[in-house]
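K.L.:
I am attaching a structure below and will ask some questions about it afterwards.
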Amino acid sequence: MISATPTQGKIRVVVAKPGLDGHDRGAKIIARALRDAGMEVIYTGLHQTPEQIVETVIQEDADAVGLSILSGAHMTLVPRIVELLRGQGIDDVLVTVGGTIPRDDIPHLKGLGVAEVFGPGAPTASIVSFLRENAGTAGG
Amino acid sequence: MVQTPLDGWEEAYAATPERDALFTTLSGEPIRPLYTERDLPEPDTIGVPGDYPFTRGVYPSMYRGRLWTMRQFAGFGTAEETNERFRYLIEHGQTGLSTAFDMPSLMGHDSDHPRSLGEVGREGVAVDTVEDMGTLFGGIDLGDVSVSMTINAPAPIMLAYYVVAAERAGVPAERLSGTIQADILKEYIAQKEWCFPIDPAMRFLGDMIEWCTTHMPRWHPVSISGYHIREAGATAAQELAFTLKDGLTYVEQAVGRGMDVDDFAPRLSFFFNAQIDFFEEIAKYRAARRIWARELRETFGACNPRSWLMRFHTQTAGVSLTAQQPLNNIVRTAIEALAGVLGGTQSLHTNSYDEALALPTEDAVRIALRTQQIIAHETGVANTIDPLGGSYFVEALTDRMEEQAYDYFRKIDELGGMVAAVKESYPQREIADAAFELQAEIDAGRRIVVGVNRFTEGDDADTPILRVDPALERKQIDRVQGVRARRDAAAVETALRELRESAARPDRNLMPYLVDAARLHCTEGELVGALQEVWGAYTETPVY
């Protein structure tokens, strides 16, 4: 079996909505933009637990996971997801976060291993190019 | 042929180059360079304020008689913190209260449920039991103030808590005035906070409307909401069409349950967004009033003129706020609020400039409230009724908006009505497409957002933001666990069993069971859980 790398095959991205908030406008726009840019996109739908998201990342053999959070719970949910991924021995999946994330929280999230945080107003093209350049190369 | 001044203008205009810009509304509607008397409808279509078809407003005197209610939405932390914010707002001249609940409360989870982790009190106030509801409104005379509650899927449960909390404070249900949102269809369409599948959720709402009609004559049992539909990315016409169709569906259901339309229609209320495209918004409100009046009178045969009136609350558009150069949001909000006022709103919430970053600080909320006060008392716009009535452009846009709404009504009817359309994700798909198209326009720089894709210099100032203390989650968990430990456990079990039995019987109204359960300190999570045992839960198939 030949394992696909981003240069050979399509980048596989899980777009996930952790937590209870129902704000899915951004997640769906990103999912569609990534799909239009030629990536394989798996959108989890709303109200996912950290465990469900990590399971999806594993099952889908994703190169990247984009977490969309607008509920203010990012400082609880993101560390939990990162910890579960590491617990499964996964360190090559690029983790990005989008949503209403106060500026002061960004260094902390990056310290956990989040590759990038995309706040309100981030152009979709910048997210597409960030994934193109970085997915599949995280952690090595 | 005689050359008219208009012919002359057309020639002159054609000879002038246009600047390179999108001459469309925010919703993508093309706008002509000039509107004239030829664009005016028949005078009867415009009418006069307080008379059918209410294009110019629902009351004969409008703001000459009474200004709109300034109602700022608030809620965070536990009931104690939000109670403090409520008292602050009342001290600063606010005239109605509006409660934001946290995500676990909206989804029917208690604060100590594993799925509530990190979400308790974050985006609104945590309310688990009747005790929390009592604390939330402590020291506020509920017989005097009108209270709005933004809760939907579990609305009948929260209403039961409110009724019991008021009863304990000596205010009987019939004296309570205010609104509970309870618009469940728009949850599946846009806001996405649900507890049950659509059909039982519709019955749950029907039970509450019916109960309120006999027990709470001053209460609005549903606030049919376009706000969240718009925030999710809908165009103005979609917001208008889907909201009205939701409302007409509730009317249809209530009539189907044997209620007389004139017994409940006067208590229905609406809630719209105020986006930044000034005239489009004003046209939307005017068209909404006209369509509602016509449908209630002609389609449902309502005889009481109060049944024809569309009264609505307006909130400025959260999605129009930018995280970049946040002070600019004060300007955006002022323009949006003015559209709401010129559109004849009955109450208004103005967003705070820091809300693209976090929940608003007290200082930011005060500026938002002051914005309304400036519009009301300094600008003079409230001196005359519907000052834009008869404007060629506004009347033409109002007609166009109405036409588009009816186009959507026809499509929805072809799908078998709104409930069927929602199950087929029709409105969800229309909204997702509109949101994507708008984002593409912004990304391409064709639609300018100041500070985001143009004029981006000067975004280095740090904005102070509200931080909800994470310790409040623990405090709230202790509160709900304390209530569970103190109450009569056997009585709770009996109440939950009766609720389950009644949920399985569509002929029973569930409200009295919920009021009893509230008195016995059943938690929200227990009540939702009991109903889910009978009705099941809901899982969305996302479309994008």
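We label chains A, B, ... in the order they appear in the structure tokens, count residues from 1 in each chain, and number ligands from 1 in the order shown.
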Might you pull out every residue within 8 Å of range 113-116 of chain A, with only C-alpha atoms counted and same-chain residues fewer than 6 positions away left off, and present them as a PyMOL selection string?

P.N.:
chain A and resi 82+94-97

K.L.:
Could you list the residues in chain B lying within 7 Å of chain A, using only C-alpha atoms, and format the result as a list in words?

P.N.:
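Here they are: Met103, Pro104, Gly118, Glu119, Arg122, Glu123, Gln191, Lys192, Glu193, Ala232, Gly233, Thr322, Ala323, Ala356, Leu357, Ala358, Phe436, Asp443, Val452, Pro542 and Tyr544 of chain B.
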
K.L.:
Could you pull the residues within 10 Å of range 81-96 of chain B, counting only C-alpha atoms, minus those fewer than 2 positions along the same chain, as a PyMOL selection string?

P.N.:
chain B and resi 68-79+98-101+121+124-126+133-140+144-148+178+347-348+362+365-366+369-370+373+468+472

K.L.:
Dump N, CA and C atoms for the selected residues as a compact mmCIF listing (two decimals), in the first residue's frame?

P.N.:
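Result went into selection-v1.txt, see below:
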# COMPACT_ATOMS: atom_id res chain seq x y z
N TRP B 68 -39.83 53.49 21.26
CA TRP B 68 -39.59 52.05 21.32
C TRP B 68 -38.98 51.67 22.67
N THR B 69 -39.11 50.41 23.04
CA THR B 69 -38.50 49.91 24.27
C THR B 69 -37.02 49.65 24.02
N MET B 70 -36.19 50.21 24.87
CA MET B 70 -34.74 49.97 24.72
C MET B 70 -34.40 48.75 25.57
N ARG B 71 -34.12 47.68 24.86
CA ARG B 71 -34.03 46.39 25.55
C ARG B 71 -32.71 45.71 25.19
N GLN B 72 -31.73 45.83 26.09
CA GLN B 72 -30.42 45.22 25.85
C GLN B 72 -30.41 43.78 26.38
N PHE B 73 -30.00 42.89 25.50
CA PHE B 73 -29.89 41.47 25.77
C PHE B 73 -28.68 41.26 26.70
N ALA B 74 -28.85 40.53 27.78
CA ALA B 74 -27.70 40.33 28.67
C ALA B 74 -27.77 38.98 29.35
N GLY B 75 -26.62 38.46 29.67
CA GLY B 75 -26.55 37.21 30.42
C GLY B 75 -25.16 36.63 30.37
N PHE B 76 -24.63 36.30 31.53
CA PHE B 76 -23.34 35.60 31.62
C PHE B 76 -23.18 35.11 33.05
N GLY B 77 -22.33 34.11 33.21
CA GLY B 77 -22.03 33.60 34.54
C GLY B 77 -23.23 32.93 35.17
N THR B 78 -23.36 33.10 36.46
CA THR B 78 -24.51 32.51 37.14
C THR B 78 -25.60 33.57 37.24
N ALA B 79 -26.74 33.17 37.78
CA ALA B 79 -27.87 34.09 37.91
C ALA B 79 -27.49 35.35 38.70
N SER B 98 -33.86 41.61 28.90
CA SER B 98 -33.77 40.55 27.90
C SER B 98 -32.67 39.58 28.33
N THR B 99 -33.06 38.33 28.45
CA THR B 99 -32.16 37.34 29.04
C THR B 99 -31.50 36.44 27.99
N ALA B 100 -30.17 36.39 28.06
CA ALA B 100 -29.41 35.44 27.23
C ALA B 100 -29.07 34.24 28.13
N PHE B 101 -29.39 33.06 27.67
CA PHE B 101 -29.05 31.84 28.42
C PHE B 101 -27.77 31.24 27.86
N GLY B 121 -22.22 29.40 31.69
CA GLY B 121 -22.17 30.85 31.89
C GLY B 121 -21.32 31.61 30.90
N GLY B 124 -24.03 33.24 28.05
CA GLY B 124 -25.30 33.64 28.61
C GLY B 124 -25.33 33.14 30.04
N VAL B 125 -26.47 33.29 30.67
CA VAL B 125 -26.55 32.89 32.08
C VAL B 125 -26.95 31.41 32.18
N ALA B 126 -26.40 30.75 33.19
CA ALA B 126 -26.74 29.35 33.43
C ALA B 126 -27.97 29.28 34.32
N MET B 133 -33.73 30.79 38.51
CA MET B 133 -34.63 31.77 37.90
C MET B 133 -35.01 32.84 38.93
N GLY B 134 -35.25 32.40 40.17
CA GLY B 134 -35.57 33.34 41.24
C GLY B 134 -34.43 34.31 41.49
N THR B 135 -33.21 33.79 41.52
CA THR B 135 -32.03 34.64 41.75
C THR B 135 -31.85 35.63 40.60
N LEU B 136 -32.07 35.15 39.40
CA LEU B 136 -31.87 35.96 38.19
C LEU B 136 -32.68 37.26 38.25
N PHE B 137 -33.91 37.17 38.76
CA PHE B 137 -34.78 38.35 38.79
C PHE B 137 -34.99 38.88 40.21
N GLY B 138 -34.10 38.48 41.11
CA GLY B 138 -34.21 38.94 42.49
C GLY B 138 -34.20 40.47 42.58
N GLY B 139 -35.10 41.03 43.38
CA GLY B 139 -35.12 42.48 43.59
C GLY B 139 -35.71 43.27 42.42
N ILE B 140 -36.23 42.56 41.42
CA ILE B 140 -36.84 43.25 40.27
C ILE B 140 -38.34 42.92 40.30
N ASP B 144 -43.98 44.57 37.02
CA ASP B 144 -43.79 45.92 36.52
C ASP B 144 -42.94 45.96 35.25
N VAL B 145 -41.94 45.07 35.18
CA VAL B 145 -40.99 45.13 34.07
C VAL B 145 -41.39 44.07 33.03
N SER B 146 -41.12 44.36 31.76
CA SER B 146 -41.37 43.31 30.77
C SER B 146 -40.05 42.59 30.49
N VAL B 147 -40.15 41.27 30.45
CA VAL B 147 -38.96 40.43 30.40
C VAL B 147 -38.99 39.58 29.14
N SER B 148 -37.87 39.60 28.45
CA SER B 148 -37.76 38.74 27.27
C SER B 148 -36.75 37.64 27.56
N GLY B 178 -44.12 40.04 28.89
CA GLY B 178 -42.83 39.81 28.26
C GLY B 178 -42.97 38.81 27.15
N SER B 347 -39.23 47.46 19.78
CA SER B 347 -38.14 47.45 20.76
C SER B 347 -36.84 47.19 20.04
N LEU B 348 -35.75 47.53 20.71
CA LEU B 348 -34.46 47.51 20.02
C LEU B 348 -33.33 47.13 20.97
N GLU B 362 -19.23 46.26 30.51
CA GLU B 362 -20.27 47.22 30.93
C GLU B 362 -20.13 48.54 30.18
N VAL B 365 -21.50 48.18 26.69
CA VAL B 365 -22.97 48.09 26.72
C VAL B 365 -23.58 49.47 26.94
N ARG B 366 -22.93 50.29 27.76
CA ARG B 366 -23.48 51.62 28.02
C ARG B 366 -23.46 52.46 26.75
N LEU B 369 -26.32 51.39 24.57
CA LEU B 369 -27.60 51.94 25.04
C LEU B 369 -27.68 53.43 24.74
N ARG B 370 -26.57 54.14 24.97
CA ARG B 370 -26.54 55.59 24.68
C ARG B 370 -26.83 55.86 23.19
N GLN B 373 -30.36 56.12 22.83
CA GLN B 373 -30.88 57.35 23.46
C GLN B 373 -30.58 58.56 22.59
N VAL B 468 -15.21 35.94 31.49
CA VAL B 468 -16.09 35.28 32.46
C VAL B 468 -15.20 34.40 33.33
N LEU B 472 -16.83 30.39 38.01
CA LEU B 472 -18.29 30.44 38.08
C LEU B 472 -18.90 29.10 37.68

K.L.:
Got a sec to tell me which of range 279-459 of chain B DSSP assigns to strand (DSSP E), as a PyMOL selection string?

P.N.:
chain B and resi 312-316+347-349

K.L.:
Which of range 382-510 of chain B end up as alpha helix (DSSP H) when DSSP is run on this backbone - answer as a PyMOL selection string?

P.N.:
chain B and resi 392-414+418-423+426-443+471-486+489-503

K.L.:
Distance CA of Val381 in chain B-CA of Val341 in chain B, one decimal place?

P.N.:
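Between these atoms lies a distance of 8.2 Å.
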
K.L.:
Between A:Val15, A:Ala135, A:Val128, A:Ala62, which has the minimum distance to Leu34 in chain A (counting only C-alpha atoms)?

P.N.:
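For Leu34 in chain A, the nearest of the candidates is A:Val128.
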
K.L.:
I'd like the neighbourhood of Leu438 in chain B as a ChimeraX atom specification, where a residue qualifies if any of its atoms comes within 9 Å (using only C-alpha atoms), though same-chain residues fewer than 6 positions away should be ignored.

P.N.:
/B:26-28,233,447

K.L.:
Extract, using only C-alpha atoms, all DNA, RNA and protein residues at most 6 Å from Val13 in chain A, discarding same-chain residues fewer than 4 positions from it, and format them as a list of chain:residue names.

P.N.:
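So the residues in contact are A:Val41, A:Ala62, A:Asp63, A:Ala64, A:Val65.
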
K.L.:
What separation in Å, quoted to one decimal, exists between CA of Leu520 in chain B and CA of Ala490 in chain B?

P.N.:
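These atoms are spaced 10.0 Å apart.
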